[in-house]
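Enquirer: The structure that follows is given in the form of structure tokens.
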Amino acid sequence: MNVDVLLGLQWGDEGKGKVVDVLAPSYRYIARFQGGPNAGHTLEFEGIKHVLHTIPSGIFRPDVVNIIGNGVVIDPIVFHAELEKLKPYQIAFEKRLLVSKKAHLILPTHRLLDAASEQAKGLNKIGSTLKGIGPTYMDKTGRNGLRVGDLFSPSFQSLYDDLKEKHLDILSRYEDFQYDLAPMEKEWFEKVEGLKALTCIDSEHYLYDQRKAGNAILAEGAQGTMLDIDFGTYPFVTSSNTVTAGTCTGLGIPPSAIGKVIGIFKAYCTRVGSGPFPTELNDEIGAQIREEGREFGATTGRARRCGWLDLVQLKYAIMVNGVTELCMMKADVLSIFSDIYLCESYEIDGKSVDRFPYDINKAEIKPKWTHFKGWKSDLTSLTRYEDSPEALKDYVRYLEKVLEIPITMVSVGPDRAQTLLK
């Protein structure tokens with residue numbers, strides 16, 4: 001049985017959590033393959049809004065087992081808080097939530113290093129969520145990191161102390177950075193016990209056995225393609241591979257086992273933090289999109305930058321991921337506009353460019369727009385795509401033609417029921 005992949009095609013915040021929740025009944029396993037508590041996957045149903053950071057988005061489906069893969073980094077404190085918020089819903093975590101022993105741990109000193117580094121950058125900061133993600137992945141690639149499986153070692157305290165001393169030495173070089181590690185450390189060791197109480201597995205073997213048994217698996221990505229460490233708008237990116245290839249390294253899945261690749265995108269674009277954003281609207285329209293779409297970070301609360309849909313960027317994301325089908329989110333947000341625009345190409349130094357450029361950070365880009373008539377109609381009560389306004393159907397048909405990929409789902413509201421299947 002192949003593993004299907006679901007991931008974001010923009011700068012994150014596309015609505016992956018909702019789509020995973022909608023699709024989860026068709027799968028036996030949902031597996032997160034990268035990222036950490038910098039993710040904010042929002043699900044809404046029965047009038048309640050849930051935000052997940054580390055736990056896969058299939059956790060509310062009773063027949064689905066959720067796996068945190070080896071490519072994820074885990075902060076025991078954030079993880080504990082997440083579990084606490086879910087306790088009222090009587091979720092059998094011991095049976096429905098499994099953790100890879102190879103997933104790396106975020107230490108309190110990782111969070112301090114993140115904050116110190118971002119503070120030192122001043123105006124050149126990259127917009128880190130300050131969750132310790134970057135320093136943790138740096139220790140992973142530097143072969144210094146601690147993993148979930150290490151928690152069960154008799155020498156764990158010694159391993160922890162050695163890494164902590166290394167971090168304290170680095171922190172001593174930030175002269176203006178003040179911190180109090182003791183209370184952070186105390187809470188961290190308390191919450192580690194809760195992580196140890198869960199079922200920790202050799203996830204690559206486990207997933208191989210499930211594939212062999214014919215069980216359906218959906219790999220869930222975090223952040224978005226344009227935040228990928230290799231293919232995103234570097235250096236304004238995250239520290240992991242957010243693209244389809246990250247499924248292989250983040251779960252131990254061979255490339256030959258990848259099935260469908262489901263790409264999620266908003267009907268417009270948003271971005272949190274610093275970095276290039278060719279179609280950004282620093283005007284009243286951008287503010288209207290932000291307010292109508294409630295575009296504020298689920299993890300940080302920061303206001304998102306907003307702009308029209310960028311087809312140069314989207315085609316690039318489809319290419320590097322090998323997307324086989326698309327889900328368009330937040331179509332309802334654009335219902336307030338009489339006129340809608342798409343960026344078809346860039347003008348750079350007087351030349352038309354239709355491929356995403358390497359020097360995106362330095363280039364002065366002028367988007368070339370295509371105009372569409374807005375649908376000016378409330379979509380939130382729709383239950384069938386066939387009943388959609390013709391203007392929305394025209395928009396979808398045009399995107400399918402230009403992107404050469406079918407759009408199989410259109411979201412018209414935050415609730416799981418507000419989902420139109422094509």
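The chains in the structure tokens are called A, B, ... from first to last as shown; in each chain the residues are counted from 1, and the ligands are counted from 1 in the order shown.
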Can you list every residue of range 246-317 of chain A that has an atom at most 7 Å from range 62-84 of chain A, with its nearest atom pair and the distance in Å to one decimal, using only C-alpha atoms, ordered by chain then number, as JSON lines?
Expert:
{"residue": "A:Thr249", "atom": "CA", "partner": "A:Gly71", "partner_atom": "CA", "distance": 6.8}
{"residue": "A:Gly250", "atom": "CA", "partner": "A:Gly71", "partner_atom": "CA", "distance": 3.8}
{"residue": "A:Leu251", "atom": "CA", "partner": "A:Gly69", "partner_atom": "CA", "distance": 5.3}
Enquirer: So that I can check the surroundings of Phe177 in chain A, please list as a ChimeraX atom specification every protein, DNA and RNA residue that reaches within 9 Å of it, counting only C-alpha atoms and ignoring chain neighbours fewer than 4 positions away.
Expert: /A:115-116,119-120,171-173
Enquirer: What residues in range 52-250 of chain A get the DSSP label alpha helix (DSSP H)? Please answer as a compact mmCIF listing (two decimals) with N, CA and C atoms, in the first residue's frame.
Expert:
# COMPACT_ATOMS: atom_id res chain seq x y z
N PRO A 76 8.65 18.81 25.06
CA PRO A 76 7.78 18.13 26.01
C PRO A 76 6.79 19.06 26.72
N ILE A 77 7.17 20.33 26.90
CA ILE A 77 6.28 21.28 27.59
C ILE A 77 5.09 21.62 26.70
N VAL A 78 5.36 21.99 25.46
CA VAL A 78 4.28 22.31 24.52
C VAL A 78 3.42 21.08 24.26
N PHE A 79 4.07 19.95 24.14
CA PHE A 79 3.38 18.69 23.87
C PHE A 79 2.42 18.35 25.01
N HIS A 80 2.87 18.55 26.25
CA HIS A 80 2.03 18.27 27.42
C HIS A 80 0.81 19.19 27.42
N ALA A 81 1.02 20.47 27.13
CA ALA A 81 -0.10 21.42 27.09
C ALA A 81 -1.12 21.03 26.04
N GLU A 82 -0.63 20.54 24.92
CA GLU A 82 -1.50 20.11 23.82
C GLU A 82 -2.36 18.91 24.25
N LEU A 83 -1.73 17.97 24.92
CA LEU A 83 -2.46 16.80 25.42
C LEU A 83 -3.51 17.20 26.44
N GLU A 84 -3.16 18.15 27.31
CA GLU A 84 -4.09 18.59 28.35
C GLU A 84 -5.36 19.19 27.74
N LYS A 85 -5.19 19.96 26.67
CA LYS A 85 -6.34 20.59 26.02
C LYS A 85 -7.25 19.56 25.37
N LEU A 86 -6.69 18.40 25.03
CA LEU A 86 -7.48 17.37 24.36
C LEU A 86 -8.13 16.38 25.33
N PHE A 93 -5.16 8.21 24.04
CA PHE A 93 -3.81 8.50 23.54
C PHE A 93 -2.92 7.27 23.52
N GLU A 94 -3.09 6.40 24.49
CA GLU A 94 -2.21 5.23 24.59
C GLU A 94 -2.38 4.30 23.38
N LYS A 95 -3.53 4.37 22.71
CA LYS A 95 -3.77 3.53 21.54
C LYS A 95 -3.70 4.30 20.22
N ARG A 96 -4.00 5.60 20.28
CA ARG A 96 -4.16 6.36 19.04
C ARG A 96 -3.08 7.40 18.80
N PRO A 108 15.19 23.17 26.81
CA PRO A 108 15.01 24.58 27.20
C PRO A 108 16.10 25.47 26.62
N THR A 109 17.32 24.97 26.57
CA THR A 109 18.42 25.78 26.05
C THR A 109 18.32 25.98 24.54
N HIS A 110 17.63 25.10 23.84
CA HIS A 110 17.37 25.32 22.41
C HIS A 110 16.49 26.57 22.23
N ARG A 111 15.50 26.72 23.09
CA ARG A 111 14.62 27.89 23.02
C ARG A 111 15.40 29.16 23.34
N LEU A 112 16.31 29.08 24.30
CA LEU A 112 17.12 30.24 24.65
C LEU A 112 18.06 30.62 23.49
N LEU A 113 18.65 29.62 22.87
CA LEU A 113 19.54 29.88 21.73
C LEU A 113 18.77 30.53 20.58
N ASP A 114 17.55 30.08 20.36
CA ASP A 114 16.71 30.65 19.31
C ASP A 114 16.44 32.13 19.59
N ALA A 115 16.06 32.43 20.83
CA ALA A 115 15.74 33.81 21.20
C ALA A 115 16.98 34.70 21.14
N ALA A 116 18.11 34.19 21.62
CA ALA A 116 19.35 34.97 21.62
C ALA A 116 19.81 35.28 20.20
N SER A 117 19.73 34.28 19.33
CA SER A 117 20.15 34.46 17.94
C SER A 117 19.26 35.47 17.23
N GLU A 118 17.95 35.37 17.43
CA GLU A 118 17.02 36.29 16.76
C GLU A 118 17.21 37.72 17.28
N GLN A 119 17.44 37.85 18.58
CA GLN A 119 17.68 39.18 19.16
C GLN A 119 18.93 39.81 18.58
N ALA A 120 19.96 39.00 18.40
CA ALA A 120 21.23 39.51 17.89
C ALA A 120 21.13 39.96 16.43
N LYS A 121 20.17 39.40 15.68
CA LYS A 121 20.04 39.76 14.27
C LYS A 121 19.44 41.16 14.09
N ILE A 133 13.15 25.54 17.33
CA ILE A 133 13.15 24.58 16.22
C ILE A 133 14.51 24.57 15.50
N GLY A 134 14.97 25.75 15.09
CA GLY A 134 16.23 25.84 14.35
C GLY A 134 17.41 25.25 15.09
N PRO A 135 17.66 25.68 16.36
CA PRO A 135 18.79 25.11 17.11
C PRO A 135 18.68 23.60 17.30
N THR A 136 17.46 23.08 17.41
CA THR A 136 17.29 21.63 17.58
C THR A 136 17.70 20.90 16.31
N TYR A 137 17.26 21.39 15.15
CA TYR A 137 17.67 20.77 13.89
C TYR A 137 19.18 20.95 13.66
N MET A 138 19.75 22.05 14.13
CA MET A 138 21.20 22.23 14.01
C MET A 138 21.95 21.17 14.81
N ASP A 139 21.47 20.88 16.01
CA ASP A 139 22.09 19.82 16.80
C ASP A 139 21.88 18.45 16.15
N LYS A 140 20.73 18.27 15.51
CA LYS A 140 20.46 17.00 14.82
C LYS A 140 21.48 16.77 13.71
N THR A 141 21.66 17.78 12.85
CA THR A 141 22.60 17.63 11.74
C THR A 141 24.05 17.67 12.23
N PHE A 156 20.75 9.12 30.47
CA PHE A 156 20.13 10.29 29.85
C PHE A 156 20.55 11.59 30.52
N GLN A 157 20.59 11.62 31.85
CA GLN A 157 20.94 12.86 32.54
C GLN A 157 22.32 13.36 32.13
N SER A 158 23.23 12.43 31.97
CA SER A 158 24.59 12.80 31.55
C SER A 158 24.58 13.35 30.12
N LEU A 159 23.82 12.71 29.25
CA LEU A 159 23.70 13.18 27.87
C LEU A 159 23.10 14.58 27.83
N TYR A 160 22.08 14.78 28.66
CA TYR A 160 21.42 16.09 28.72
C TYR A 160 22.39 17.16 29.22
N ASP A 161 23.10 16.85 30.29
CA ASP A 161 24.02 17.83 30.88
C ASP A 161 25.13 18.22 29.90
N ASP A 162 25.63 17.26 29.15
CA ASP A 162 26.69 17.55 28.18
C ASP A 162 26.20 18.53 27.11
N LEU A 163 24.99 18.28 26.61
CA LEU A 163 24.46 19.17 25.58
C LEU A 163 24.12 20.54 26.16
N LYS A 164 23.60 20.55 27.38
CA LYS A 164 23.28 21.82 28.02
C LYS A 164 24.53 22.67 28.19
N GLU A 165 25.63 22.07 28.61
CA GLU A 165 26.87 22.84 28.80
C GLU A 165 27.36 23.43 27.49
N LYS A 166 27.21 22.69 26.43
CA LYS A 166 27.58 23.21 25.11
C LYS A 166 26.75 24.44 24.79
N HIS A 167 25.45 24.36 25.05
CA HIS A 167 24.56 25.49 24.78
C HIS A 167 24.87 26.69 25.67
N LEU A 168 25.17 26.45 26.93
CA LEU A 168 25.48 27.55 27.84
C LEU A 168 26.75 28.28 27.42
N ASP A 169 27.68 27.53 26.88
CA ASP A 169 28.91 28.15 26.38
C ASP A 169 28.60 29.09 25.22
N ILE A 170 27.72 28.66 24.33
CA ILE A 170 27.31 29.51 23.20
C ILE A 170 26.56 30.74 23.70
N LEU A 171 25.65 30.54 24.66
CA LEU A 171 24.85 31.65 25.19
C LEU A 171 25.71 32.70 25.87
N LEU A 181 17.30 29.95 33.39
CA LEU A 181 17.12 28.58 32.91
C LEU A 181 16.43 27.67 33.92
N ALA A 182 16.67 27.88 35.22
CA ALA A 182 16.22 26.93 36.25
C ALA A 182 14.73 26.61 36.17
N PRO A 183 13.81 27.59 36.14
CA PRO A 183 12.39 27.23 36.08
C PRO A 183 12.00 26.55 34.77
N MET A 184 12.66 26.91 33.68
CA MET A 184 12.39 26.26 32.40
C MET A 184 12.77 24.78 32.47
N GLU A 185 13.92 24.54 33.06
CA GLU A 185 14.43 23.18 33.16
C GLU A 185 13.56 22.32 34.07
N LYS A 186 13.13 22.89 35.16
CA LYS A 186 12.28 22.16 36.11
C LYS A 186 10.99 21.69 35.44
N GLU A 187 10.35 22.61 34.72
CA GLU A 187 9.11 22.26 34.03
C GLU A 187 9.38 21.23 32.93
N TRP A 188 10.49 21.37 32.24
CA TRP A 188 10.81 20.46 31.14
C TRP A 188 10.92 19.01 31.64
N PHE A 189 11.65 18.81 32.74
CA PHE A 189 11.82 17.46 33.26
C PHE A 189 10.52 16.88 33.80
N GLU A 190 9.64 17.74 34.30
CA GLU A 190 8.34 17.27 34.75
C GLU A 190 7.52 16.76 33.57
N LYS A 191 7.51 17.53 32.49
CA LYS A 191 6.68 17.19 31.34
C LYS A 191 7.25 16.04 30.51
N VAL A 192 8.55 15.79 30.62
CA VAL A 192 9.17 14.66 29.92
C VAL A 192 8.55 13.34 30.37
N GLU A 193 8.13 13.27 31.62
CA GLU A 193 7.55 12.02 32.14
C GLU A 193 6.26 11.67 31.38
N GLY A 194 5.50 12.68 31.00
CA GLY A 194 4.29 12.43 30.23
C GLY A 194 4.59 11.89 28.85
N LEU A 195 5.66 12.39 28.25
CA LEU A 195 6.08 11.90 26.93
C LEU A 195 6.53 10.45 27.02
N LYS A 196 7.26 10.12 28.07
CA LYS A 196 7.75 8.75 28.26
C LYS A 196 6.60 7.76 28.48
N SER A 203 9.45 3.84 14.34
CA SER A 203 8.38 4.18 13.40
C SER A 203 8.63 3.68 11.99
N GLU A 204 9.89 3.61 11.56
CA GLU A 204 10.14 3.15 10.19
C GLU A 204 9.74 1.68 10.02
N HIS A 205 10.01 0.87 11.04
CA HIS A 205 9.60 -0.54 11.00
C HIS A 205 8.08 -0.64 11.10
N TYR A 206 7.51 0.15 11.98
CA TYR A 206 6.07 0.11 12.20
C TYR A 206 5.31 0.47 10.92
N LEU A 207 5.73 1.53 10.27
CA LEU A 207 5.04 1.95 9.05
C LEU A 207 5.25 0.96 7.91
N TYR A 208 6.41 0.34 7.86
CA TYR A 208 6.64 -0.70 6.86
C TYR A 208 5.66 -1.85 7.05
N ASP A 209 5.48 -2.26 8.30
CA ASP A 209 4.54 -3.35 8.60
C ASP A 209 3.11 -2.98 8.21
N GLN A 210 2.73 -1.73 8.45
CA GLN A 210 1.36 -1.30 8.12
C GLN A 210 1.16 -1.23 6.61
N ARG A 211 2.18 -0.77 5.89
CA ARG A 211 2.08 -0.75 4.43
C ARG A 211 1.95 -2.16 3.89
N LYS A 212 2.76 -3.04 4.45
CA LYS A 212 2.76 -4.43 4.00
C LYS A 212 1.40 -5.09 4.27
N ALA A 245 9.58 15.16 -0.65
CA ALA A 245 10.78 14.37 -0.33
C ALA A 245 11.00 14.25 1.16
N GLY A 246 10.52 15.22 1.93
CA GLY A 246 10.66 15.16 3.38
C GLY A 246 9.90 14.01 4.00
N THR A 247 8.90 13.50 3.29
CA THR A 247 8.16 12.33 3.78
C THR A 247 9.09 11.12 3.90
N CYS A 248 9.97 10.97 2.94
CA CYS A 248 10.88 9.82 2.93
C CYS A 248 11.84 9.87 4.11
N THR A 249 12.47 11.03 4.32
CA THR A 249 13.43 11.14 5.41
C THR A 249 12.75 11.30 6.76
N GLY A 250 11.53 11.85 6.76
CA GLY A 250 10.84 12.12 8.03
C GLY A 250 10.03 10.96 8.55
Enquirer: Between A:Cys343, A:Leu6, A:Ala222, A:Ile106, which residue has the minimum interatomic distance to Thr42 in chain A, considering only C-alpha atoms?
Expert: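 Ranked by minimum distance to Thr42 in chain A, first place goes to A:Ala222.
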Enquirer: State, in Å with one decimal place, the distance from CA of Ser335 in chain A to CA of Ile262 in chain A.
Expert: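 Pair CA of Ser335 in chain A / CA of Ile262 in chain A returns 24.8 Å.
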Enquirer: So what do you get for CA of Glu46 in chain A versus CA of Lys16 in chain A, distance-wise?
Expert: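 Calculated distance between CA of Glu46 in chain A and CA of Lys16 in chain A is 18.6 Å.
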Enquirer: As an MDAnalysis selection string, please: the residues near Thr233 in chain A (cut-off 12 Å, only C-alpha atoms, same-chain neighbours under 3 positions excluded).
Expert: chainID A and resid 10:11 126 224:230 236:238 271 274:278 313 316:317 356:362
Enquirer: May I have the selected residues written with N, CA and C atoms, as a short mmCIF file (atom, residue, chain, number, x, y, z; two decimals), in the first residue's frame?
Expert:
data_model
loop_
_atom_site.label_atom_id
_atom_site.label_comp_id
_atom_site.auth_asym_id
_atom_site.auth_seq_id
_atom_site.Cartn_x
_atom_site.Cartn_y
_atom_site.Cartn_z
N GLN A 10 2.20 26.94 -0.19
CA GLN A 10 2.57 28.35 -0.10
C GLN A 10 3.52 28.56 1.07
N TRP A 11 3.28 29.58 1.88
CA TRP A 11 4.18 29.87 3.02
C TRP A 11 3.59 29.39 4.33
N ILE A 126 14.86 36.75 10.96
CA ILE A 126 14.17 35.97 9.93
C ILE A 126 12.71 35.69 10.29
N GLY A 224 4.97 25.16 4.93
CA GLY A 224 4.60 25.14 3.52
C GLY A 224 5.82 25.02 2.64
N THR A 225 5.60 24.73 1.36
CA THR A 225 6.69 24.51 0.41
C THR A 225 7.68 25.66 0.38
N MET A 226 7.19 26.90 0.43
CA MET A 226 8.08 28.04 0.29
C MET A 226 8.87 28.33 1.57
N LEU A 227 8.68 27.48 2.58
CA LEU A 227 9.49 27.54 3.80
C LEU A 227 10.46 26.37 3.88
N ASP A 228 10.53 25.57 2.82
CA ASP A 228 11.45 24.43 2.78
C ASP A 228 12.90 24.91 2.86
N ILE A 229 13.72 24.21 3.61
CA ILE A 229 15.11 24.63 3.83
C ILE A 229 15.93 24.65 2.54
N ASP A 230 15.56 23.82 1.57
CA ASP A 230 16.27 23.78 0.29
C ASP A 230 15.58 24.58 -0.81
N PHE A 236 14.82 32.90 4.62
CA PHE A 236 13.58 33.11 5.37
C PHE A 236 12.72 31.85 5.28
N VAL A 237 13.23 30.78 5.89
CA VAL A 237 12.62 29.46 5.77
C VAL A 237 12.64 28.77 7.13
N THR A 238 12.05 27.60 7.20
CA THR A 238 12.12 26.78 8.40
C THR A 238 13.36 25.88 8.30
N ARG A 271 1.65 35.27 4.26
CA ARG A 271 2.96 34.93 4.80
C ARG A 271 3.09 35.55 6.18
N SER A 274 9.28 37.65 8.21
CA SER A 274 10.08 38.31 7.18
C SER A 274 10.21 37.45 5.92
N GLY A 275 10.72 38.08 4.86
CA GLY A 275 11.00 37.35 3.63
C GLY A 275 10.21 37.87 2.44
N PRO A 276 10.63 37.50 1.23
CA PRO A 276 9.99 37.99 0.00
C PRO A 276 8.56 37.50 -0.15
N PHE A 277 7.74 38.32 -0.74
CA PHE A 277 6.32 38.01 -0.95
C PHE A 277 5.86 38.85 -2.15
N PRO A 278 6.06 38.34 -3.38
CA PRO A 278 5.85 39.14 -4.59
C PRO A 278 4.47 39.76 -4.74
N GLN A 313 4.64 31.23 -8.25
CA GLN A 313 5.02 30.51 -7.04
C GLN A 313 4.31 29.17 -6.95
N TYR A 316 5.64 26.50 -9.25
CA TYR A 316 6.93 26.03 -8.73
C TYR A 316 6.71 24.99 -7.63
N ALA A 317 5.79 25.28 -6.72
CA ALA A 317 5.51 24.35 -5.62
C ALA A 317 4.94 23.04 -6.12
N PHE A 356 9.99 30.75 -10.95
CA PHE A 356 10.37 31.33 -9.68
C PHE A 356 11.88 31.50 -9.63
N PRO A 357 12.39 32.73 -9.41
CA PRO A 357 13.83 32.99 -9.54
C PRO A 357 14.64 32.65 -8.29
N TYR A 358 15.90 32.33 -8.54
CA TYR A 358 16.82 32.05 -7.44
C TYR A 358 17.01 33.28 -6.55
N ASP A 359 17.19 34.45 -7.16
CA ASP A 359 17.50 35.66 -6.41
C ASP A 359 16.24 36.42 -6.00
N ILE A 360 15.23 35.68 -5.54
CA ILE A 360 13.95 36.27 -5.17
C ILE A 360 14.10 37.34 -4.10
N ASN A 361 15.09 37.21 -3.21
CA ASN A 361 15.26 38.17 -2.12
C ASN A 361 15.77 39.52 -2.61
N LYS A 362 16.49 39.53 -3.71
CA LYS A 362 17.11 40.76 -4.19
C LYS A 362 16.36 41.40 -5.36
#
